[in-house]
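> Below is the structure I would like to discuss, written out as structure tokens.
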Amino acid sequence: MVLESNGGYIGDYMGGKKTCKPANITHIAIPTTAGTGSEATDVTIITNTTTDVKMMIKHPAFMSTVAIVDPYLTCSAPLPVIAATGVDALCHAIEAFLSKKAHPMTHTLARSAITHIISSLQRSYDDPHDLDAKESMCIGSLQAGMAFSNASVTLVHGMSRPVGALFHVPHGIFNAMLLPAVLDFSKEDCVEQLAELLPLFMPDRKTDSLSVEARADMMIQQVKELCRYLQIPTLRGWWLGGARRGV
Ligand SMILES: [Fe+2]
């Protein structure tokens, strides 16, 4: 749509090299997963299959005109897709919260997104026809998309784009594999923010008396347990299982 209105090659718009005006065509986004949040972001990812580069293009012209978010449309997604896209949405929310570009509005969206995702992702995975869980996941995914579109993402997405393109790993799966490892790696620099998120992961447990470090560790542990429950491979398992050999 942007090319139809502006012409040229899609890669020309990467990194703001070429400016563009909004498309003349109405762009209606209808997500079938929960999800990328793409229905609410100005980000477009297109893989150049010749160079194995995932081109990231961020411009308001790529934003949809209308988003139709219907939880029913997410019911037929296969289990691995529910798991990977669900953790991708969680990544969006956590990364938007941790981002140096975050601000009070994105914090509010990110917190709400995490609450929705944590309360419904396992139910959505266990019963793909649980419409209540699907609705909550759709809201969480949408809010996470709005949060990261305004606050950006961090190291998980920064790494998953080039490595995912190189090893041909789907976006959601690679983000889901990276999230626990990146949180471990980043903990020292964002320990207070991680601790602040813990109550969203464990709403029924009082953790105020614990140290900041202990709360941050527990939050990361919650993410790891969720990934295990959803049968997301660990980075180590994926690597030893064939990626290193190019299988
Ligand atoms: Fe993503």
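Residue numbering restarts at 1 in every chain; chains get A, B, ... in the order shown in the structure tokens, and ligands count up from 1 in that same order.
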Neighbours of Ile118 (chain A) within 8 Å (only C-alpha atoms; same-chain residues fewer than 3 positions away dropped), as a list in words?
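Answer for this query is Ile114, Thr115, Leu121, Gln122, Leu200 and Phe201 of chain A.
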> Just to be explicit: take each residue in the selection above, keep N, CA and C atoms, and write the result as a PDB file, in the first residue's frame.

```pdb
ATOM      1  N   ILE A 114       0.758  -6.977  30.338  1.00  0.00           N
ATOM      2  CA  ILE A 114       1.339  -8.106  31.088  1.00  0.00           C
ATOM      3  C   ILE A 114       0.266  -8.766  31.945  1.00  0.00           C
ATOM      4  N   THR A 115      -0.564  -7.973  32.599  1.00  0.00           N
ATOM      5  CA  THR A 115      -1.632  -8.534  33.435  1.00  0.00           C
ATOM      6  C   THR A 115      -2.556  -9.421  32.596  1.00  0.00           C
ATOM      7  N   LEU A 121      -2.597 -16.544  29.085  1.00  0.00           N
ATOM      8  CA  LEU A 121      -1.836 -17.293  28.071  1.00  0.00           C
ATOM      9  C   LEU A 121      -1.888 -18.808  28.303  1.00  0.00           C
ATOM     10  N   GLN A 122      -1.719 -19.238  29.531  1.00  0.00           N
ATOM     11  CA  GLN A 122      -1.760 -20.691  29.783  1.00  0.00           C
ATOM     12  C   GLN A 122      -3.146 -21.255  29.482  1.00  0.00           C
ATOM     13  N   LEU A 200       2.675  -8.348  38.979  1.00  0.00           N
ATOM     14  CA  LEU A 200       1.819  -8.639  37.818  1.00  0.00           C
ATOM     15  C   LEU A 200       1.898 -10.121  37.458  1.00  0.00           C
ATOM     16  N   PHE A 201       3.019 -10.741  37.791  1.00  0.00           N
ATOM     17  CA  PHE A 201       3.204 -12.165  37.510  1.00  0.00           C
ATOM     18  C   PHE A 201       2.653 -13.037  38.642  1.00  0.00           C
TER      19      PHE A 201
END
```
> Step by step, measure atom-to-atom distances between ligand 1 and each residue using only C-alpha atoms and all ligand atoms, keep those at most 8 Å, then write them as a list in words.
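Residues satisfying the distance criterion: Gly35, Thr36, Gly37, Thr85, Asp88, Ala89, Cys91, His92, His157, His171, Gly172 and Asn175 of chain A.
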> Residues within 10 Å of region 181-185 of chain A, please, as a ChimeraX atom specification. Count only C-alpha atoms; anything in the same chain fewer than 5 positions from it doesn't count.
/A:94-95,154-156,159,175-176,190-191,194,216-217,219-221,223-224,234-236
> Extract, using only C-alpha atoms, all DNA, RNA and protein residues at most 10 Å from Ala77 (chain A), discarding same-chain residues fewer than 5 positions from it, and format them as a PyMOL selection string.
chain A and resi 32-34+82-83+85+125+128
> Quick one: residues within 7 Å of Thr41 (chain A), only C-alpha atoms, excluding same-chain residues fewer than 6 positions away - as number ranges by chain?
A: 63, 145-146, 149
> How many Å lie between CA of Trp239 (chain A) and CA of Phe97 (chain A), rounded to one decimal?
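Atom-to-atom, CA of Trp239 (chain A) to CA of Phe97 (chain A), that is 29.0 Å.
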> List the neighbours of Ser120 (chain A) out to 9 Å using only C-alpha atoms; skip same-chain residues closer than 5 positions along the sequence, and give me the result as a PDB file with N, CA and C atoms, in the first residue's frame.

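What ended up in result29.pdb:
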```pdb
ATOM      1  N   THR A 115      -0.564  -7.973  32.599  1.00  0.00           N
ATOM      2  CA  THR A 115      -1.632  -8.534  33.435  1.00  0.00           C
ATOM      3  C   THR A 115      -2.556  -9.421  32.596  1.00  0.00           C
ATOM      4  N   TYR A 125      -3.601 -21.559  25.831  1.00  0.00           N
ATOM      5  CA  TYR A 125      -2.799 -22.683  25.312  1.00  0.00           C
ATOM      6  C   TYR A 125      -3.483 -24.017  25.643  1.00  0.00           C
ATOM      7  N   ASP A 132     -12.889 -16.517  26.563  1.00  0.00           N
ATOM      8  CA  ASP A 132     -12.550 -15.516  27.568  1.00  0.00           C
ATOM      9  C   ASP A 132     -11.023 -15.293  27.593  1.00  0.00           C
ATOM     10  N   ALA A 133     -10.286 -16.414  27.555  1.00  0.00           N
ATOM     11  CA  ALA A 133      -8.820 -16.314  27.524  1.00  0.00           C
ATOM     12  C   ALA A 133      -8.354 -15.673  26.219  1.00  0.00           C
ATOM     13  N   LYS A 134      -8.995 -16.043  25.114  1.00  0.00           N
ATOM     14  CA  LYS A 134      -8.607 -15.484  23.807  1.00  0.00           C
ATOM     15  C   LYS A 134      -8.824 -13.968  23.785  1.00  0.00           C
ATOM     16  N   GLU A 135      -9.942 -13.539  24.355  1.00  0.00           N
ATOM     17  CA  GLU A 135     -10.229 -12.100  24.376  1.00  0.00           C
ATOM     18  C   GLU A 135      -9.168 -11.363  25.192  1.00  0.00           C
ATOM     19  N   SER A 136      -8.838 -11.927  26.345  1.00  0.00           N
ATOM     20  CA  SER A 136      -7.836 -11.293  27.198  1.00  0.00           C
ATOM     21  C   SER A 136      -6.478 -11.241  26.488  1.00  0.00           C
ATOM     22  N   MET A 137      -6.126 -12.313  25.777  1.00  0.00           N
ATOM     23  CA  MET A 137      -4.864 -12.333  25.030  1.00  0.00           C
ATOM     24  C   MET A 137      -4.874 -11.285  23.912  1.00  0.00           C
TER      25      MET A 137
END
```
> Quick one: distance from CA of Arg215 (chain A) to CA of Phe174 (chain A) in Å, one decimal?
25.8 Å
